[in-house]
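A.B. asks: Dropping in model_26.pdb, with PDB, C-alpha atoms.
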```
ATOM      1  CA  MET A   1       9.575  24.509   3.385
ATOM      2  CA  MET A   2      12.526  25.259   5.667
ATOM      3  CA  VAL A   3      13.561  23.623   8.945
ATOM      4  CA  GLY A   4      16.541  24.409  11.109
ATOM      5  CA  ASP A   5      18.391  27.600  11.908
ATOM      6  CA  PRO A   6      17.537  30.206   9.252
ATOM      7  CA  ASN A   7      20.978  31.766   9.850
ATOM      8  CA  ALA A   8      22.939  28.571   9.175
ATOM      9  CA  LYS A   9      25.571  29.124   6.496
ATOM     10  CA  MET A  10      25.115  25.748   4.824
ATOM     11  CA  VAL A  11      21.846  25.056   2.996
ATOM     12  CA  VAL A  12      20.744  21.555   2.073
ATOM     13  CA  ARG A  13      17.817  21.355  -0.335
ATOM     14  CA  LEU A  14      15.977  18.022  -0.422
ATOM     15  CA  TYR A  15      13.673  17.041  -3.269
ATOM     16  CA  GLU A  16      11.240  14.351  -2.166
ATOM     17  CA  ASP A  17       7.947  12.723  -3.126
ATOM     18  CA  PRO A  18       6.299  11.163  -0.045
ATOM     19  CA  ARG A  19       5.246   8.057  -2.020
ATOM     20  CA  CYS A  20       8.699   7.382  -3.492
ATOM     21  CA  PRO A  21      10.289   4.232  -2.001
ATOM     22  CA  VAL A  22      13.812   5.484  -2.752
ATOM     23  CA  VAL A  23      13.057   8.549  -0.612
ATOM     24  CA  ALA A  24      12.112   6.226   2.251
ATOM     25  CA  ASP A  25      15.453   4.389   1.802
ATOM     26  CA  PHE A  26      17.303   7.712   1.851
ATOM     27  CA  GLU A  27      15.437   8.909   4.949
ATOM     28  CA  SER A  28      16.404   5.732   6.816
ATOM     29  CA  SER A  29      20.071   6.048   5.851
ATOM     30  CA  GLY A  30      22.014   9.119   4.708
ATOM     31  CA  ALA A  31      19.324  11.631   5.634
ATOM     32  CA  LYS A  32      20.211  10.982   9.275
ATOM     33  CA  ALA A  33      23.445  12.935   8.663
ATOM     34  CA  ILE A  34      21.469  15.901   7.352
ATOM     35  CA  ARG A  35      19.095  15.792  10.327
ATOM     36  CA  THR A  36      22.048  15.747  12.739
ATOM     37  CA  HIS A  37      23.653  18.758  11.057
ATOM     38  CA  THR A  38      20.297  20.549  11.085
ATOM     39  CA  ILE A  39      19.701  19.851  14.784
ATOM     40  CA  GLN A  40      23.236  21.060  15.562
ATOM     41  CA  ARG A  41      22.421  24.307  13.697
ATOM     42  CA  GLN A  42      25.209  23.702  11.182
ATOM     43  CA  THR A  43      22.787  23.650   8.273
ATOM     44  CA  ARG A  44      19.261  24.540   7.401
ATOM     45  CA  THR A  45      17.235  22.106   5.356
ATOM     46  CA  GLU A  46      14.824  23.215   2.673
ATOM     47  CA  TYR A  47      12.319  20.674   1.378
ATOM     48  CA  VAL A  48      10.889  20.837  -2.123
ATOM     49  CA  PHE A  49       8.081  18.308  -2.323
ATOM     50  CA  ALA A  50       6.916  16.655  -5.509
ATOM     51  CA  SER A  51       3.737  14.685  -6.050
ATOM     52  CA  PHE A  52       4.462  13.035  -9.405
ATOM     53  CA  LYS A  53       3.935   9.560  -7.928
ATOM     54  CA  ASP A  54       0.198  10.313  -7.862
ATOM     55  CA  ASP A  55       0.217  10.554 -11.663
ATOM     56  CA  ARG A  56       2.250   7.364 -12.030
ATOM     57  CA  LEU A  57       0.513   5.239  -9.406
ATOM     58  CA  GLY A  58      -2.943   6.816  -9.241
ATOM     59  CA  GLY A  59      -4.648   8.499  -6.332
ATOM     60  CA  ASP A  60      -3.705  11.695  -4.560
ATOM     61  CA  GLY A  61      -1.692  10.383  -1.613
ATOM     62  CA  SER A  62       1.445  12.418  -2.306
ATOM     63  CA  GLN A  63      -0.543  15.627  -2.532
ATOM     64  CA  ARG A  64      -2.391  14.850   0.688
ATOM     65  CA  ALA A  65       0.864  13.966   2.463
ATOM     66  CA  VAL A  66       2.567  17.188   1.335
ATOM     67  CA  ASN A  67      -0.449  19.173   2.552
ATOM     68  CA  ALA A  68      -0.318  17.363   5.917
ATOM     69  CA  LEU A  69       3.438  17.990   6.208
ATOM     70  CA  ARG A  70       2.813  21.700   5.643
ATOM     71  CA  ALA A  71       0.165  21.621   8.388
ATOM     72  CA  ALA A  72       2.665  19.874  10.693
ATOM     73  CA  LEU A  73       5.128  22.697  10.035
ATOM     74  CA  ASP A  74       2.565  25.174  11.397
ATOM     75  CA  ALA A  75       2.254  23.006  14.490
ATOM     76  CA  GLN A  76       6.073  22.943  14.848
ATOM     77  CA  LYS A  77       6.025  19.169  14.473
ATOM     78  CA  PHE A  78       7.260  18.824  10.890
ATOM     79  CA  THR A  79      10.397  16.781  11.589
ATOM     80  CA  GLU A  80       8.590  14.307  13.821
ATOM     81  CA  TYR A  81       5.662  13.883  11.441
ATOM     82  CA  HIS A  82       7.932  13.575   8.409
ATOM     83  CA  ALA A  83       9.750  10.708  10.172
ATOM     84  CA  VAL A  84       6.444   8.941  10.875
ATOM     85  CA  LEU A  85       5.311   9.280   7.249
ATOM     86  CA  MET A  86       8.616   7.930   5.940
ATOM     87  CA  ALA A  87       8.457   4.958   8.318
ATOM     88  CA  ASP A  88       4.976   4.179   6.930
ATOM     89  CA  GLN A  89       5.891   4.918   3.322
ATOM     90  CA  GLU A  90       6.050   1.364   1.919
ATOM     91  CA  GLU A  91       2.358   0.764   2.532
ATOM     92  CA  ALA A  92       1.371   4.241   1.360
ATOM     93  CA  GLU A  93       3.345   4.003  -1.868
ATOM     94  CA  ALA A  94       1.780   0.758  -2.937
ATOM     95  CA  SER A  95      -1.823   1.456  -1.994
ATOM     96  CA  ASP A  96      -2.239   5.247  -2.108
ATOM     97  CA  GLY A  97      -2.378   4.836   1.644
ATOM     98  CA  TYR A  98      -1.983   8.520   2.441
ATOM     99  CA  THR A  99      -5.701   9.062   2.746
ATOM    100  CA  THR A 100      -7.016  11.777   5.028
ATOM    101  CA  GLN A 101      -7.899   9.202   7.675
ATOM    102  CA  ARG A 102      -4.487   7.513   7.483
ATOM    103  CA  LEU A 103      -2.656  10.858   7.722
ATOM    104  CA  LEU A 104      -4.679  11.788  10.814
ATOM    105  CA  SER A 105      -4.096   8.354  12.327
ATOM    106  CA  LEU A 106      -0.334   8.652  11.748
ATOM    107  CA  ALA A 107      -0.425  12.107  13.352
ATOM    108  CA  ASP A 108      -1.514  10.376  16.579
ATOM    109  CA  GLU A 109       2.046   9.006  16.753
ATOM    110  CA  VAL A 110       3.422  12.544  17.174
ATOM    111  CA  PRO A 111       2.651  13.880  20.652
ATOM    112  CA  GLY A 112       0.952  17.273  20.482
ATOM    113  CA  LEU A 113       0.349  17.288  16.724
ATOM    114  CA  ARG A 114      -3.365  16.541  16.583
ATOM    115  CA  SER A 115      -5.473  19.652  17.080
ATOM    116  CA  GLU A 116      -8.550  21.169  15.506
ATOM    117  CA  ALA A 117      -6.348  23.382  13.319
ATOM    118  CA  PHE A 118      -4.176  20.479  12.120
ATOM    119  CA  ASP A 119      -7.113  18.138  11.541
ATOM    120  CA  THR A 120      -9.007  20.797   9.595
ATOM    121  CA  ALA A 121      -5.958  21.629   7.469
ATOM    122  CA  VAL A 122      -5.491  17.953   6.607
ATOM    123  CA  SER A 123      -9.188  17.293   5.968
ATOM    124  CA  THR A 124      -9.769  20.347   3.765
ATOM    125  CA  MET A 125      -6.435  20.337   1.882
ATOM    126  CA  LYS A 126      -5.872  23.824   3.316
ATOM    127  CA  TYR A 127      -2.402  24.017   1.767
ATOM    128  CA  SER A 128      -3.300  22.887  -1.744
ATOM    129  CA  ASP A 129      -1.727  26.082  -3.135
ATOM    130  CA  PHE A 130       1.505  25.162  -1.362
ATOM    131  CA  VAL A 131       1.319  21.621  -2.793
ATOM    132  CA  THR A 132       0.972  23.038  -6.313
ATOM    133  CA  ALA A 133       3.738  25.631  -5.805
ATOM    134  CA  SER A 134       6.107  22.999  -4.418
ATOM    135  CA  LEU A 135       5.502  20.687  -7.383
ATOM    136  CA  THR A 136       6.103  23.620  -9.755
ATOM    137  CA  ALA A 137       9.389  24.455  -7.983
ATOM    138  CA  TYR A 138      10.398  20.786  -8.214
ATOM    139  CA  ARG A 139       9.705  20.686 -11.956
ATOM    140  CA  GLN A 140      11.723  23.869 -12.506
ATOM    141  CA  THR A 141      14.826  22.364 -10.913
ATOM    142  CA  GLY A 142      17.557  21.146 -13.194
ATOM    143  CA  GLU A 143      17.597  20.379 -16.880
ATOM    144  CA  ASP A 144      14.781  17.816 -17.040
ATOM    145  CA  PRO A 145      11.341  19.447 -17.462
ATOM    146  CA  ILE A 146       9.748  16.871 -15.143
ATOM    147  CA  GLY A 147      12.205  17.530 -12.293
ATOM    148  CA  PRO A 148      15.402  16.039 -10.907
ATOM    149  CA  GLY A 149      13.991  12.786  -9.509
ATOM    150  CA  THR A 150      13.566  11.881  -5.862
ATOM    151  CA  PRO A 151      15.428  11.932  -3.705
ATOM    152  CA  SER A 152      17.718  14.630  -4.972
ATOM    153  CA  VAL A 153      19.963  16.701  -2.752
ATOM    154  CA  ALA A 154      21.689  20.018  -3.327
ATOM    155  CA  ILE A 155      24.225  21.399  -0.882
ATOM    156  CA  ASN A 156      24.748  25.146  -1.233
ATOM    157  CA  THR A 157      23.206  25.015  -4.749
ATOM    158  CA  THR A 158      25.410  22.109  -5.956
ATOM    159  CA  MET A 159      23.305  19.077  -6.847
ATOM    160  CA  LEU A 160      24.828  15.774  -5.722
ATOM    161  CA  THR A 161      25.020  13.697  -8.885
ATOM    162  CA  GLY A 162      27.147  10.889 -10.273
ATOM    163  CA  GLU A 163      29.368   9.263  -7.676
ATOM    164  CA  LEU A 164      28.213  11.774  -5.050
ATOM    165  CA  TYR A 165      24.616  10.545  -5.449
ATOM    166  CA  ASP A 166      25.587   7.169  -3.980
ATOM    167  CA  ASP A 167      26.850   9.024  -0.888
ATOM    168  CA  LEU A 168      23.251   9.958  -0.095
ATOM    169  CA  PHE A 169      22.585   6.442   1.165
ATOM    170  CA  ASP A 170      25.541   6.184   3.543
ATOM    171  CA  GLU A 171      25.158   8.193   6.742
ATOM    172  CA  GLU A 172      28.859   8.143   7.581
ATOM    173  CA  VAL A 173      29.993   9.209   4.110
ATOM    174  CA  LEU A 174      27.346  11.931   3.857
ATOM    175  CA  THR A 175      28.419  13.211   7.277
ATOM    176  CA  GLY A 176      31.940  13.530   5.853
ATOM    177  CA  VAL A 177      30.630  15.414   2.812
ATOM    178  CA  LEU A 178      28.669  17.849   4.996
ATOM    179  CA  THR A 179      31.652  18.375   7.305
ATOM    180  CA  ALA A 180      33.967  19.030   4.340
ATOM    181  CA  VAL A 181      31.541  21.569   2.868
ATOM    182  CA  GLU A 182      31.158  23.224   6.259
ATOM    183  CA  ARG A 183      34.952  23.700   6.424
ATOM    184  CA  ALA A 184      35.338  24.695   2.771
ATOM    185  CA  PRO A 185      32.085  25.725   1.055
ATOM    186  CA  GLU A 186      33.703  25.453  -2.382
ATOM    187  CA  ALA A 187      34.591  21.768  -1.787
ATOM    188  CA  LEU A 188      31.705  20.423  -3.849
ATOM    189  CA  ARG A 189      32.254  22.801  -6.731
ATOM    190  CA  ASN A 190      35.862  21.696  -6.890
ATOM    191  CA  ARG A 191      34.983  18.044  -6.120
ATOM    192  CA  ARG A 192      37.522  17.993  -3.289
ATOM    193  CA  VAL A 193      35.207  16.355  -0.802
TER     194      VAL A 193
END
```
In structure tokens, write the structure found in this file.
C.D. replies:
Amino acid sequence: MMVGDPNAKMVVRLYEDPRCPVVADFESSGAKAIRTHTIQRQTRTEYVFASFKDDRLGGDGSQRAVNALRAALDAQKFTEYHAVLMADQEEAEASDGYTTQRLLSLADEVPGLRSEAFDTAVSTMKYSDFVTASLTAYRQTGEDPIGPGTPSVAINTTMLTGELYDDLFDEEVLTGVLTAVERAPEALRNRRV
């Protein structure tokens, strides 16, 4: 799922499970740098959503949330709805709180999102094929057959690992990384960030 300018030279790929508490921490910290670069058309952001937390914690909340996020994309309200879900994530993670009713209720917090088309898509799991395809893409990323973990971030195909992983949770540092890569796309490959 892509947001931002499709012609942006820098591509940031985010791997997230909506029920993962570390994803919520990332979204409230370093992810702000990615959103700023996306809004300024310096990067495009591609989301690969996992739903492995459903297997670990029970329920189907991650799958339902990914389906609802896909429906929000159709309504051109993805970014706003994603922010609302992440702000509500702690409760959803612990209780499988991303029920159909909860997802629709949270959509009320995004002006203009609720519509017959959105509500139907959420209620019927219209995008279940997308949910499955996204989980498959997640699992095919990296060396581990179950996926890279969430959150994971790749900038121009280079996965941020090791000491760079810690940068994900510092908005100022991640802004510096993105700016360095924008100036010199090979910066991450050469670790000269």
A.B. asks: What residues come out when you apply the PyMOL selection byres ((chain A and resi 157) around 10) to this file, written as a VMD selection string?
C.D. replies: chain A and resid 10 to 13 153 to 156 158 to 160 188 to 189
A.B. asks: Find the residue from A:Gln89, A:Gln63, A:Gln76, A:Gln140 that sits nearest to Phe118 in chain A; use all atoms listed in the file when measuring.
C.D. replies: A:Gln76
A.B. asks: What is the distance between CA of Lys126 in chain A and CA of Leu104 in chain A, in Å to one decimal?
C.D. replies: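 Result for CA of Lys126 in chain A versus CA of Leu104 in chain A: 14.2 Å, one decimal.
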A.B. asks: Report as a list in words all protein, DNA and RNA residues lying within 12 Å of Glu109 in chain A, evaluated on only C-alpha atoms, omitting residues in the same chain fewer than 5 positions from it.
C.D. replies: Lys77, Glu80, Tyr81, His82, Ala83, Val84, Leu85, Ala87, Asp88, Arg102, Leu103, Leu104 and Arg114 of chain A
A.B. asks: Mind writing the picked residues with C-alpha atoms as a short mmCIF file (atom, residue, chain, number, x, y, z; two decimals), in the frame of the given file?
C.D. replies:
```cif
data_model
loop_
_atom_site.label_atom_id
_atom_site.label_comp_id
_atom_site.auth_asym_id
_atom_site.auth_seq_id
_atom_site.Cartn_x
_atom_site.Cartn_y
_atom_site.Cartn_z
CA LYS A 77 6.02 19.17 14.47
CA GLU A 80 8.59 14.31 13.82
CA TYR A 81 5.66 13.88 11.44
CA HIS A 82 7.93 13.58 8.41
CA ALA A 83 9.75 10.71 10.17
CA VAL A 84 6.44 8.94 10.88
CA LEU A 85 5.31 9.28 7.25
CA ALA A 87 8.46 4.96 8.32
CA ASP A 88 4.98 4.18 6.93
CA ARG A 102 -4.49 7.51 7.48
CA LEU A 103 -2.66 10.86 7.72
CA LEU A 104 -4.68 11.79 10.81
CA ARG A 114 -3.36 16.54 16.58
#
```
A.B. asks: Find the residue from A:Cys20, A:Val110, A:Ala31, A:Val131 that sits nearest to Leu174 in chain A; use all atoms listed in the file when measuring.
C.D. replies: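 Using all atoms listed in the file, Leu174 in chain A sits closest to A:Ala31.
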A.B. asks: Tell me which residues the PyMOL selection byres ((chain A and resi 25) around 10) grabs here, as a list in words.
C.D. replies: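 Given this file, the PyMOL selection byres ((chain A and resi 25) around 10) evaluates to Cys20, Pro21, Val22, Val23, Ala24, Phe26, Glu27, Ser28, Ser29, Gly30, Ala31, Met86, Ala87, Gln89, Glu90, Pro151, Leu168 and Phe169 of chain A.
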A.B. asks: Please, what distance in Å, to one decimal, runs between CA of Leu73 in chain A and CA of Met125 in chain A?
C.D. replies: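 So the two atoms, CA of Leu73 in chain A and CA of Met125 in chain A, lie 14.3 Å apart.
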A.B. asks: Under the rule that all atoms listed in the file are counted, which of A:Phe78, A:Tyr127, A:Tyr165, A:Tyr98 is the nearest residue to Lys53 in chain A?
C.D. replies: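 Looking at the shortest contact to Lys53 in chain A, the residue is A:Tyr98.
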A.B. asks: How many Å lie between CA of Pro185 in chain A and CA of Thr136 in chain A, rounded to one decimal?
C.D. replies: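 Between CA of Pro185 in chain A and CA of Thr136 in chain A the gap works out to 28.2 Å.
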A.B. asks: Output the residue selection produced by the PyMOL selection byres ((chain A and resi 50) around 12) on the file above, formatted as a VMD selection string.
C.D. replies: chain A and resid 14 to 20 23 47 to 49 51 to 55 60 to 67 130 to 141 146 to 152
A.B. asks: Residues at most 9 Å from Gln40 in chain A, counting only C-alpha atoms, excluding those fewer than 3 positions away in the same chain, as a list in words?
C.D. replies: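 Once the adjacent positions are removed, what remains is Gly4, Asp5, Arg35, Thr36, His37 and Thr43 of chain A.
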A.B. asks: Calculated over only C-alpha atoms, which of the candidates A:Ala75, A:Asp129, A:Thr161, A:Val177 has the smallest distance to Pro111 in chain A?
C.D. replies: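 Looking at the shortest contact to Pro111 in chain A, the residue is A:Ala75.
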A.B. asks: In terms of the shortest atom-to-atom distance over only C-alpha atoms, which of A:Ser128, A:Thr120, A:Asn7, A:Thr79 is closest to Lys32 in chain A?
C.D. replies: A:Thr79
